[in-house]
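Chemist: What follows is the file model.txt, containing compact mmCIF, C-alpha atoms:
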```
# COMPACT_ATOMS: atom_id res chain seq x y z
CA MET A 248 0.00 0.00 0.00
CA GLU A 249 2.82 2.39 0.95
CA GLN A 250 4.72 1.52 -2.22
CA SER A 251 1.68 2.19 -4.41
CA TRP A 252 1.17 5.59 -2.73
CA LYS A 253 4.79 6.52 -3.39
CA GLN A 254 4.38 5.52 -7.03
CA ALA A 255 1.19 7.56 -7.24
CA LYS A 256 3.00 10.60 -5.86
CA ALA A 257 5.76 10.13 -8.41
CA VAL A 258 3.26 9.97 -11.26
CA PHE A 259 1.45 13.01 -9.89
CA ALA A 260 4.71 14.98 -9.62
CA ALA A 261 5.75 13.98 -13.15
CA ALA A 262 2.39 15.09 -14.54
CA LEU A 263 2.31 18.34 -12.56
CA GLY A 264 5.95 19.31 -13.08
CA PRO A 265 5.90 20.60 -16.69
CA PRO A 266 2.81 22.81 -16.21
CA LEU A 267 4.32 24.30 -13.04
CA VAL A 268 7.60 25.03 -14.83
CA TRP A 269 5.70 26.61 -17.72
CA LEU A 270 3.63 28.70 -15.28
CA ALA A 271 6.73 29.85 -13.39
CA LEU A 272 8.74 30.76 -16.50
CA PHE A 273 6.10 32.42 -18.63
CA PHE A 274 3.68 33.86 -16.04
CA LEU A 275 5.16 34.28 -12.57
CA ALA A 276 8.64 35.40 -13.69
CA PRO A 277 7.40 38.12 -16.09
CA LEU A 278 4.86 39.22 -13.47
CA ALA A 279 7.63 39.48 -10.89
CA ILE A 280 9.73 41.59 -13.27
CA VAL A 281 6.85 44.00 -13.89
CA TRP A 282 6.22 44.15 -10.13
CA ALA A 283 9.89 45.05 -9.57
CA TYR A 284 9.63 47.75 -12.25
CA SER A 285 6.83 49.37 -10.25
CA PHE A 286 9.42 50.24 -7.56
CA GLY A 287 11.87 51.82 -10.02
CA HIS A 288 12.35 54.81 -12.27
CA ASN A 289 13.62 55.52 -15.76
CA ALA A 290 17.41 55.83 -15.78
CA GLY A 291 17.56 56.27 -19.55
CA LEU A 292 15.63 55.62 -22.71
CA THR A 293 15.83 51.84 -22.28
CA GLU A 294 17.13 51.38 -18.73
CA ILE A 295 15.03 51.09 -15.57
CA ALA A 296 16.68 51.50 -12.18
CA ILE A 297 14.90 49.57 -9.41
CA SER A 298 15.41 51.80 -6.37
CA GLY A 299 12.61 50.62 -4.09
CA THR A 300 10.67 53.87 -4.39
CA PHE A 301 6.92 54.06 -3.78
CA GLY A 302 6.68 57.22 -5.87
CA ASN A 303 4.96 55.46 -8.73
CA TYR A 304 2.22 54.17 -6.44
CA ALA A 305 1.82 57.61 -4.88
CA ARG A 306 1.48 59.08 -8.36
CA ALA A 307 -1.05 56.38 -9.32
CA ILE A 308 -3.45 57.56 -6.58
CA GLU A 309 -3.17 61.24 -7.47
CA PRO A 310 -6.58 62.88 -8.15
CA LEU A 311 -6.13 62.74 -11.95
CA TYR A 312 -5.51 59.00 -12.07
CA LEU A 313 -7.74 58.20 -9.10
CA LYS A 314 -10.61 59.78 -11.02
CA ILE A 315 -9.90 57.45 -13.93
CA PHE A 316 -9.76 54.46 -11.58
CA LEU A 317 -13.11 55.41 -10.06
CA LYS A 318 -14.67 56.01 -13.47
CA SER A 319 -13.41 52.63 -14.67
CA ALA A 320 -14.85 50.97 -11.56
CA TRP A 321 -18.19 52.72 -12.14
CA VAL A 322 -18.32 51.64 -15.79
CA ALA A 323 -17.39 48.07 -14.81
CA ALA A 324 -20.03 48.05 -12.04
CA LEU A 325 -22.71 49.38 -14.40
CA THR A 326 -21.72 46.79 -17.00
CA THR A 327 -21.91 44.04 -14.38
CA GLY A 328 -25.32 45.23 -13.17
CA LEU A 329 -26.73 45.31 -16.70
CA CYS A 330 -25.30 41.86 -17.41
CA LEU A 331 -26.95 40.57 -14.23
CA VAL A 332 -30.32 42.10 -15.09
CA ILE A 333 -30.19 40.73 -18.64
CA GLY A 334 -28.43 37.47 -17.87
CA PHE A 335 -30.57 36.24 -14.97
CA PRO A 336 -33.78 35.82 -17.03
CA VAL A 337 -31.73 34.22 -19.81
CA ALA A 338 -30.15 31.73 -17.40
CA LEU A 339 -33.55 31.05 -15.85
CA ALA A 340 -35.08 30.38 -19.28
CA ILE A 341 -32.24 27.98 -20.16
CA THR A 342 -32.67 26.17 -16.83
CA PHE A 343 -36.36 25.43 -17.40
CA ALA A 344 -36.06 24.72 -21.13
CA SER A 345 -36.33 21.20 -22.52
CA ASP A 346 -33.13 19.17 -22.80
CA LYS A 347 -32.94 19.66 -26.56
CA ALA A 348 -33.63 23.39 -26.41
CA LYS A 349 -31.21 23.75 -23.48
CA THR A 350 -28.34 22.43 -25.60
CA TRP A 351 -29.04 24.90 -28.41
CA LEU A 352 -29.50 27.82 -26.03
CA LEU A 353 -26.20 27.10 -24.29
CA LEU A 354 -24.55 26.85 -27.70
CA LEU A 355 -25.90 30.29 -28.61
CA VAL A 356 -24.56 31.73 -25.35
CA MET A 357 -21.08 30.28 -25.95
CA LEU A 358 -21.02 31.03 -29.68
CA PRO A 359 -19.38 34.49 -29.27
CA PHE A 360 -16.33 32.81 -27.69
CA TRP A 361 -15.61 31.23 -31.08
CA THR A 362 -15.17 34.63 -32.71
CA ASN A 363 -12.24 36.95 -32.05
CA LEU A 364 -13.02 39.93 -29.82
CA LEU A 365 -11.60 42.37 -32.37
CA ILE A 366 -13.93 41.05 -35.08
CA ARG A 367 -16.94 41.25 -32.77
CA THR A 368 -16.07 44.83 -31.85
CA TYR A 369 -15.74 45.87 -35.48
CA ALA A 370 -19.10 44.21 -36.16
CA LEU A 371 -20.59 46.36 -33.41
CA ILE A 372 -19.02 49.43 -35.00
CA ALA A 373 -20.76 48.52 -38.27
CA VAL A 374 -24.06 48.46 -36.37
CA LEU A 375 -23.60 51.69 -34.41
CA ARG A 376 -21.75 54.02 -36.79
CA THR A 377 -23.45 57.01 -38.45
CA GLU A 378 -24.17 55.01 -41.61
CA GLY A 379 -24.68 51.79 -39.63
CA TYR A 380 -27.61 49.44 -39.50
CA VAL A 381 -29.32 51.18 -36.56
CA ASN A 382 -29.31 54.58 -38.23
CA GLN A 383 -30.28 53.05 -41.56
CA GLY A 384 -33.31 51.42 -39.93
CA LEU A 385 -34.27 54.64 -38.17
CA GLU A 386 -33.88 56.60 -41.40
CA TRP A 387 -36.17 54.13 -43.18
CA LEU A 388 -38.83 54.57 -40.47
CA TRP A 389 -38.34 58.35 -40.63
CA THR A 390 -38.93 58.28 -44.39
CA LEU A 391 -42.13 56.26 -43.97
CA ALA A 392 -43.38 58.66 -41.33
CA SER A 393 -42.56 61.64 -43.57
CA VAL A 394 -45.11 60.37 -46.07
CA VAL A 395 -47.86 61.06 -43.52
CA ALA A 396 -46.42 64.32 -42.13
CA PRO A 397 -43.30 66.24 -43.23
CA LEU A 398 -40.58 65.73 -40.62
CA GLY A 399 -37.61 67.34 -42.33
CA ASP A 400 -34.21 65.75 -42.84
CA PHE A 401 -33.20 62.76 -40.75
CA GLN A 402 -30.36 63.39 -38.30
CA PRO A 403 -28.46 60.18 -37.50
CA LEU A 404 -27.88 59.34 -33.86
CA GLN A 405 -24.34 59.59 -32.50
CA LEU A 406 -24.02 56.09 -31.11
CA LEU A 407 -20.23 55.76 -31.34
CA HIS A 408 -17.26 57.29 -29.52
CA ASN A 409 -19.08 57.99 -26.27
CA ASN A 410 -19.80 56.33 -22.91
CA PHE A 411 -22.98 54.73 -24.24
CA ALA A 412 -21.04 52.84 -26.91
CA VAL A 413 -18.44 51.68 -24.37
CA ILE A 414 -21.03 50.33 -21.92
CA LEU A 415 -23.04 48.71 -24.71
CA GLY A 416 -19.87 47.07 -26.06
CA LEU A 417 -18.80 45.85 -22.62
CA VAL A 418 -22.23 44.33 -21.96
CA TYR A 419 -22.17 42.71 -25.39
CA VAL A 420 -18.75 41.19 -24.72
CA HIS A 421 -19.18 40.13 -21.09
CA LEU A 422 -22.79 38.91 -20.99
CA PRO A 423 -21.82 35.22 -21.51
CA PHE A 424 -19.51 35.47 -18.47
CA MET A 425 -22.59 36.26 -16.38
CA VAL A 426 -25.04 33.82 -17.97
CA LEU A 427 -22.95 30.68 -17.59
CA PRO A 428 -22.30 30.86 -13.80
CA LEU A 429 -25.93 31.82 -13.24
CA TYR A 430 -27.11 28.85 -15.27
CA SER A 431 -24.74 26.54 -13.39
CA ALA A 432 -26.19 27.69 -10.05
CA LEU A 433 -29.82 27.68 -11.17
CA ASP A 434 -29.55 24.26 -12.79
CA ARG A 435 -28.58 22.74 -9.41
CA LEU A 436 -31.65 24.13 -7.63
CA ASP A 437 -34.06 21.68 -6.05
CA LYS A 438 -37.17 22.20 -8.20
CA SER A 439 -39.34 20.75 -5.43
CA LEU A 440 -38.64 23.90 -3.37
CA LEU A 441 -40.12 26.03 -6.13
CA GLU A 442 -43.16 23.79 -6.36
CA ALA A 443 -43.63 23.94 -2.58
CA SER A 444 -43.41 27.74 -2.63
CA LEU A 445 -46.03 27.97 -5.37
CA ASP A 446 -48.29 25.44 -3.65
CA LEU A 447 -48.17 27.53 -0.48
CA GLY A 448 -49.45 30.55 -2.42
CA ALA A 449 -46.24 32.54 -2.75
CA GLY A 450 -46.73 33.42 -6.42
CA HIS A 451 -44.10 33.44 -9.15
CA LEU A 452 -42.46 36.81 -8.37
CA ARG A 453 -42.27 36.13 -4.63
CA THR A 454 -40.88 32.66 -5.30
CA LEU A 455 -38.28 34.21 -7.58
CA PHE A 456 -37.06 36.77 -5.04
CA LYS A 457 -37.55 34.76 -1.85
CA VAL A 458 -36.45 31.30 -2.99
CA VAL A 459 -34.61 31.33 -6.33
CA VAL A 460 -32.40 34.39 -5.80
CA PRO A 461 -31.14 33.42 -2.28
CA LEU A 462 -30.34 29.89 -3.43
CA ALA A 463 -28.58 31.22 -6.54
CA LEU A 464 -26.38 33.67 -4.60
CA PRO A 465 -23.15 31.65 -5.12
CA GLY A 466 -23.72 31.74 -8.88
CA ILE A 467 -24.60 35.44 -8.75
CA ALA A 468 -21.43 36.20 -6.77
CA SER A 469 -19.28 34.19 -9.21
CA GLY A 470 -20.93 35.83 -12.22
CA VAL A 471 -20.46 39.31 -10.77
CA LEU A 472 -16.81 38.60 -10.03
CA ILE A 473 -15.83 37.15 -13.40
CA THR A 474 -17.77 39.90 -15.19
CA PHE A 475 -16.58 42.86 -13.12
CA ILE A 476 -12.87 42.03 -13.21
CA PRO A 477 -12.48 41.74 -17.03
CA ALA A 478 -14.75 44.78 -17.50
CA LEU A 479 -12.56 46.80 -15.12
CA GLY A 480 -9.45 45.92 -17.11
CA ALA A 481 -11.07 46.21 -20.56
CA TYR A 482 -8.84 47.88 -23.13
CA LEU A 483 -9.98 47.08 -26.67
CA THR A 484 -13.66 48.00 -26.31
CA PRO A 485 -13.09 51.51 -24.85
CA ASP A 486 -10.27 52.09 -27.32
CA LEU A 487 -12.38 51.32 -30.40
CA LEU A 488 -15.86 52.40 -29.28
CA GLY A 489 -15.09 55.23 -26.87
CA GLY A 490 -14.10 58.84 -27.33
CA PRO A 491 -11.56 61.04 -25.51
CA ASP A 492 -13.77 61.10 -22.39
CA SER A 493 -14.50 57.37 -22.47
CA GLN A 494 -11.03 56.00 -21.81
CA MET A 495 -10.60 53.55 -18.94
CA ILE A 496 -7.65 52.73 -16.74
CA ALA A 497 -6.36 49.99 -19.07
CA ASN A 498 -6.03 52.55 -21.87
CA VAL A 499 -3.99 54.81 -19.58
CA ILE A 500 -1.72 51.89 -18.65
CA GLU A 501 -1.23 51.04 -22.32
CA ARG A 502 -0.13 54.61 -23.06
CA GLN A 503 2.47 54.48 -20.27
CA PHE A 504 4.10 51.42 -21.81
CA LYS A 505 3.84 52.27 -25.52
CA ARG A 506 3.73 56.05 -25.89
CA ALA A 507 5.03 57.69 -22.72
CA ASN A 508 7.77 55.04 -22.26
CA ASP A 509 7.19 55.22 -18.51
CA TRP A 510 7.25 51.52 -17.66
CA PRO A 511 7.64 51.94 -13.86
CA PHE A 512 4.51 54.09 -13.62
CA GLY A 513 2.59 51.79 -15.95
CA ALA A 514 3.67 48.80 -13.86
CA ALA A 515 2.52 50.51 -10.66
CA MET A 516 -0.92 51.25 -12.12
CA SER A 517 -1.14 47.67 -13.39
CA PHE A 518 -0.52 46.31 -9.92
CA VAL A 519 -2.94 48.75 -8.31
CA LEU A 520 -5.51 47.20 -10.65
CA MET A 521 -4.34 43.74 -9.63
CA TYR A 522 -4.58 44.60 -5.92
CA LEU A 523 -8.18 45.72 -6.49
CA THR A 524 -8.80 42.38 -8.20
CA PHE A 525 -7.47 40.49 -5.16
CA ILE A 526 -9.74 42.56 -2.90
CA ALA A 527 -12.75 41.71 -5.10
CA ILE A 528 -11.87 38.00 -4.96
CA ALA A 529 -11.51 38.15 -1.16
CA ILE A 530 -14.92 39.85 -0.83
CA GLN A 531 -16.50 37.21 -3.08
CA ALA A 532 -14.95 34.45 -0.94
CA LEU A 533 -16.33 36.02 2.25
CA LEU A 534 -19.78 36.33 0.72
CA ALA A 535 -19.64 32.72 -0.45
CA LYS A 536 -18.94 31.54 3.11
CA ARG A 537 -22.03 33.34 4.39
CA THR A 538 -24.47 31.82 1.90
CA PRO A 539 -26.80 29.01 3.07
CA GLU A 540 -25.21 26.58 0.59
CA ALA A 541 -21.73 27.23 1.99
CA LYS A 542 -22.94 26.78 5.59
CA GLY A 543 -24.72 23.56 4.74
```
Please render this file's structure as structure tokens.
Modeler:
Amino acid sequence: MEQSWKQAKAVFAAALGPPLVWLALFFLAPLAIVWAYSFGHNAGLTEIAISGTFGNYARAIEPLYLKIFLKSAWVAALTTGLCLVIGFPVALAITFASDKAKTWLLLLVMLPFWTNLLIRTYALIAVLRTEGYVNQGLEWLWTLASVVAPLGDFQPLQLLHNNFAVILGLVYVHLPFMVLPLYSALDRLDKSLLEASLDLGAGHLRTLFKVVVPLALPGIASGVLITFIPALGAYLTPDLLGGPDSQMIANVIERQFKRANDWPFGAAMSFVLMYLTFIAIAIQALLAKRTPEAKG
């Protein structure tokens, strides 16, 4: 028995070794280098002196950059809230669909993952631009209405390069991240509890808010976490869909590395964002421990 356990440990170590080496070399080591850069300063055009200074972190929380951090957090929170409001009914519908329909609905939810994010964003630009499909449809309706009463020339809506476009794009991109954890939590619910609630006269809405939502809290917390964190660090969507006033913290970090050539400051802001991510994960873990499922 002891010999077989030793052999099992050897097999386990042999299987785990290469992934750990890969993780250390290509993730942890580069991350450690960037973290060290955050305590340095530019000593030349291509040289960074690591002096142990906290000046970059102090600069990262100056009012100018703190305002951008707070705006990014607000946009990410609004995106997460909209994804929750839209995604919960979708996950609920998938849960109570037939087995055949459930497979197709899940496929439709996961289908965007098979298309590159850049392509999906450009497709959204084609929909929202001044000559896009939305404005073309509105212009067609405007022309039909003008037959009944003169309305003048149609003025296309400015749907791009503003905060509306950024939030719409972020919801469009991150909605599957909310739907899938919600579905996973709702699919494990004991349906007999719902039937008992309805039999006792609770009604559908009261059953939803008093039974379904509390039992689905772990899935809601997971969905909020894995939606909020990528939305907070989103770069491509604000860059392509937003205007000068719609930039988020990831766009500022990108400029520090590529345009301003201030790698230490960019590294400090990157790790401030990472520290916020760790705080969000810790909060989610605390909330998960307090749920009825975790206590049971």
Chemist: List as an NGL selection string the protein and nucleic acid residues near range 287-291 of chain A, meaning an atom at most 9 Å away when all atoms listed in the file are counted, but skip any in the same chain fewer than 2 places from it.
Modeler: :A and (283-285 or 293-303 or 508-512)
Chemist: With distances taken over only C-alpha atoms, which residue among A:Phe360, A:Phe525, A:Phe456, A:Phe286 lies nearest Tyr419 in chain A?
Modeler: A:Phe360
Chemist: Mind pulling up the distance from CA of Thr350 in chain A to CA of Ile476 in chain A?
Modeler: 27.9 Å
Chemist: What are the closest atom pairs, with distances in Å to one decimal, for all residues of range 410-500 of chain A lying within 12 Å of range 310-314 of chain A? Consider all atoms listed in the file, order rows by chain and residue number, and present the result as JSON lines.
Modeler:
```
{"residue": "A:Asp492", "atom": "CA", "partner": "A:Lys314", "partner_atom": "CA", "distance": 11.9}
{"residue": "A:Gln494", "atom": "CA", "partner": "A:Lys314", "partner_atom": "CA", "distance": 11.4}
{"residue": "A:Met495", "atom": "CA", "partner": "A:Lys314", "partner_atom": "CA", "distance": 10.1}
{"residue": "A:Ile496", "atom": "CA", "partner": "A:Tyr312", "partner_atom": "CA", "distance": 8.1}
{"residue": "A:Ala497", "atom": "CA", "partner": "A:Tyr312", "partner_atom": "CA", "distance": 11.4}
{"residue": "A:Asn498", "atom": "CA", "partner": "A:Tyr312", "partner_atom": "CA", "distance": 11.7}
{"residue": "A:Val499", "atom": "CA", "partner": "A:Tyr312", "partner_atom": "CA", "distance": 8.7}
{"residue": "A:Ile500", "atom": "CA", "partner": "A:Tyr312", "partner_atom": "CA", "distance": 10.4}
```
Chemist: How far is it from CA of Leu422 in chain A to CA of Val332 in chain A, in Å with one decimal?
Modeler: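 Computing the Euclidean distance for CA of Leu422 in chain A and CA of Val332 in chain A yields 10.1 Å.
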Chemist: Which value, in Å to one decimal, gives the distance between CA of Phe518 in chain A and CA of Ala478 in chain A?
Modeler: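 CA of Ala478 in chain A lies 16.2 Å from CA of Phe518 in chain A.
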Chemist: Taking 3 positions as the minimum chain separation for residues in the same chain, which residues sit within 9 Å of His421 in chain A when counting only C-alpha atoms? Answer as number ranges by chain.
Modeler: A: 326-327, 330, 416-418, 424-425, 473-475, 477-478
Chemist: Which residues, protein or nucleic acid, reach to within 8 Å of (-14.4, 54.4, -23.4) in the file's coordinates when using only C-alpha atoms, and can you give that as a PyMOL selection string?
Modeler: chain A and resi 408-410+412-414+484-495
Chemist: Determine the nearest neighbour of Leu355 in chain A from the options A:Leu445, A:Pro423, A:Phe273, A:Gly328, counting only C-alpha atoms.
Modeler: A:Pro423
